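Here is the file entry.cif (mmCIF, C-alpha atoms and all ligand atoms).
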data_input
#
loop_
_atom_site.label_atom_id
_atom_site.label_comp_id
_atom_site.auth_asym_id
_atom_site.auth_seq_id
_atom_site.Cartn_x
_atom_site.Cartn_y
_atom_site.Cartn_z
CA MET N 1 114.81 57.11 65.61
CA VAL N 2 111.72 59.28 65.68
CA GLN N 3 109.05 58.32 63.15
CA LYS N 4 107.43 60.86 60.84
CA LEU N 5 103.71 61.46 61.30
CA ASN N 6 101.59 58.94 59.43
CA ALA N 7 98.93 59.89 56.89
CA ALA N 8 96.05 59.71 59.38
CA ALA N 9 97.80 61.99 61.87
CA ARG N 10 98.59 64.45 59.08
CA ALA N 11 95.01 64.50 57.88
CA ALA N 12 93.89 65.23 61.45
CA LEU N 13 96.26 68.18 61.93
CA PRO N 14 93.68 70.93 61.25
CA ASP N 15 91.53 69.43 64.02
CA THR N 16 94.27 68.57 66.49
CA LEU N 17 96.12 71.85 65.99
CA PRO N 18 93.83 74.59 64.78
CA GLY N 19 95.87 77.76 64.50
CA TRP N 20 98.90 75.95 63.16
CA ALA N 21 99.46 75.69 59.41
CA LEU N 22 101.70 73.56 57.25
CA VAL N 23 104.69 75.47 55.92
CA PRO N 24 104.80 75.51 52.11
CA GLY N 25 107.76 73.54 50.78
CA GLN N 26 108.75 72.24 54.20
CA ASP N 27 107.52 69.34 56.33
CA ALA N 28 106.81 71.63 59.28
CA ILE N 29 104.03 73.49 61.05
CA ARG N 30 103.99 77.16 61.94
CA ARG N 31 101.99 79.54 64.09
CA GLU N 32 102.34 83.24 64.78
CA PHE N 33 101.62 84.61 68.25
CA ARG N 34 101.08 88.30 68.97
CA PHE N 35 101.43 90.13 72.25
CA GLU N 36 100.92 93.60 73.60
CA ASP N 37 104.60 94.44 73.36
CA PHE N 38 108.12 93.02 73.36
CA VAL N 39 108.03 92.11 77.04
CA GLY N 40 104.89 90.04 76.46
CA ALA N 41 106.53 88.26 73.55
CA TRP N 42 109.73 87.64 75.47
CA GLY N 43 107.88 86.27 78.50
CA PHE N 44 106.05 83.84 76.21
CA MET N 45 109.36 82.77 74.67
CA ALA N 46 110.76 82.09 78.13
CA ARG N 47 107.79 79.83 78.91
CA VAL N 48 108.16 78.03 75.58
CA ALA N 49 111.89 77.59 76.20
CA LEU N 50 111.17 75.77 79.47
CA LEU N 51 108.65 73.50 77.72
CA ALA N 52 111.08 72.83 74.90
CA GLN N 53 113.88 71.95 77.30
CA ALA N 54 111.60 69.66 79.33
CA GLN N 55 110.57 67.86 76.12
CA ASP N 56 114.07 67.94 74.61
CA HIS N 57 112.43 69.33 71.50
CA HIS N 58 113.21 72.83 70.34
CA PRO N 59 111.46 75.36 68.13
CA ASP N 60 112.83 77.22 65.15
CA TRP N 61 111.54 80.68 65.89
CA ARG N 62 111.68 84.35 65.09
CA ASN N 63 110.73 87.33 67.19
CA VAL N 64 109.97 90.80 65.89
CA TRP N 65 108.94 93.11 68.74
CA ASN N 66 105.48 91.82 69.78
CA LYS N 67 105.35 88.88 67.37
CA VAL N 68 106.75 85.38 67.79
CA GLU N 69 106.67 83.01 64.84
CA ILE N 70 107.24 79.39 65.80
CA THR N 71 108.09 76.65 63.31
CA LEU N 72 108.15 73.06 64.48
CA THR N 73 109.72 70.12 62.70
CA THR N 74 111.75 67.16 63.85
CA HIS N 75 115.28 67.26 62.51
CA ASP N 76 115.91 63.72 63.78
CA ALA N 77 112.99 62.45 61.64
CA GLY N 78 113.50 64.70 58.63
CA GLY N 79 109.99 66.11 58.98
CA LEU N 80 106.94 66.32 61.19
CA SER N 81 106.60 63.87 64.04
CA GLU N 82 104.44 63.36 67.12
CA ARG N 83 107.03 65.39 69.06
CA ASP N 84 106.00 68.49 67.11
CA VAL N 85 102.33 67.87 67.83
CA THR N 86 103.06 67.36 71.54
CA LEU N 87 105.09 70.58 71.79
CA ALA N 88 102.54 72.58 69.77
CA ARG N 89 99.73 71.42 72.05
CA ALA N 90 101.74 72.33 75.13
CA ILE N 91 102.48 75.78 73.69
CA ASP N 92 98.79 76.29 72.93
CA ALA N 93 97.94 75.33 76.51
CA LEU N 94 100.25 77.95 78.06
CA PRO N 95 98.39 80.50 80.13
N1 LIG H 1 114.39 69.72 68.33
C1 LIG H 1 113.79 69.57 67.16
N2 LIG H 1 112.92 70.51 66.74
N3 LIG H 1 114.02 68.51 66.40
C2 LIG H 1 114.84 67.54 66.77
O1 LIG H 1 115.03 66.57 66.04
C3 LIG H 1 115.48 67.66 68.02
C4 LIG H 1 115.23 68.81 68.79
N4 LIG H 1 116.28 66.74 68.47
N5 LIG H 1 115.84 69.00 69.95
C5 LIG H 1 116.84 66.73 69.77
C6 LIG H 1 116.86 68.08 70.43
C7 LIG H 1 118.17 66.08 69.65
O2 LIG H 1 119.01 66.80 68.79
C8 LIG H 1 118.89 65.85 70.97
C9 LIG H 1 120.24 65.22 70.76
O3 LIG H 1 118.09 65.08 71.79
#

Can you turn what I pasted into structure tokens?
Ligand code: H2B
Amino acid sequence: MVQKLNAAARAALPDTLPGWALVPGQDAIRREFRFEDFVGAWGFMARVALLAQAQDHHPDWRNVWNKVEITLTTHDAGGLSERDVTLARAIDALP
């Protein structure tokens, strides 16, 4: 069973994941990414999909033309866990 993030890890989120914000009313984090066009957005989504599959941890996401909105939460934990932080950091590190 995956553990939810503890209080210290939650308090550190703005530092560990600048750019990601807590989702109101949900134990989740969210970030919006913008690209030049749809192809840019779709290429990014393909790279995220490979990361997600490698980590066996998958985003809830939405794409509108050049925008990709990614929400991360851990269904198995019923809220945020270290798996979300790990995936978010890997997404941020994509070229
Ligand atoms: N993705 C996310 N975001 N949360 C999970 O709890 C989760 C997942 N669990 N991807 C994994 C897959 C689990 O369902 C499988 C069985 O490993």

I want to know what sits within 9 Å of Val85 in chain N, based on only C-alpha atoms, with residues of the same chain fewer than 2 positions away left out; could you give that as a list of chain:residue names? N:Leu13, N:Thr16, N:Leu17, N:Ile29, N:Leu72, N:Leu80, N:Ser81, N:Glu82, N:Arg83, N:Leu87, N:Ala88, N:Arg89, N:Ala90

With only C-alpha atoms and all ligand atoms counted and 7 Å as the cut-off, give the residues of chain N in contact with ligand LIG 1 (chain H), each with its shortest interatomic distance in Å and the pair that gives it, as CSV.
residue,atom,partner,partner_atom,distance
N:Asp56,CA,H:LIG1,C6,5.0
N:His57,CA,H:LIG1,N1,3.7
N:His58,CA,H:LIG1,N1,3.9
N:Pro59,CA,H:LIG1,N2,5.3
N:Asp60,CA,H:LIG1,N2,6.9
N:Leu72,CA,H:LIG1,N2,5.9
N:Thr73,CA,H:LIG1,N2,5.2
N:Thr74,CA,H:LIG1,N3,3.7
N:His75,CA,H:LIG1,O1,3.6
N:Asp76,CA,H:LIG1,O1,3.7
N:Ala77,CA,H:LIG1,O1,6.4

Counting all atoms listed in the file, the residue among N:Ile70, N:Pro14, N:Ala28, N:Met1 that lies closest to Ala52 in chain N is N:Ile70

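Proximity to Val68 in chain N was assessed for N:Arg10, N:Phe44, N:Pro24, N:Phe33 counting only C-alpha atoms; the smallest distance is recorded for N:Phe33.
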
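Closest approach to Phe35 in chain N from the set N:Ala21, N:Thr86, N:Ala12, N:Lys67 is made by N:Lys67, with distances taken over only C-alpha atoms.
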
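Here CA of Phe38 in chain N is placed at a distance of 8.0 Å from CA of Val64 in chain N.
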
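Between Ile91 in chain N and the residues N:Ala54, N:Ala9, N:Val48, N:Val23, the shortest atom-to-atom distance, using all atoms listed in the file, involves N:Val48.
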
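The shortest atom-to-atom distance to Asp92 in chain N, with only C-alpha atoms taken into account, belongs to N:Pro18 out of N:Gly25, N:Gly40, N:Pro18, N:Gly78.
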
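Here CA of Glu36 in chain N is placed at a distance of 20.6 Å from CA of Trp20 in chain N.
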
Any idea what the distance is between CA of Ala46 in chain N and CA of Arg34 in chain N? 14.7 Å

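Of the residues listed (N:Trp65, N:Thr71, N:Lys4, N:Asp84), N:Trp65 shows the shortest atom-to-atom separation from Val39 in chain N; distances use all atoms listed in the file.
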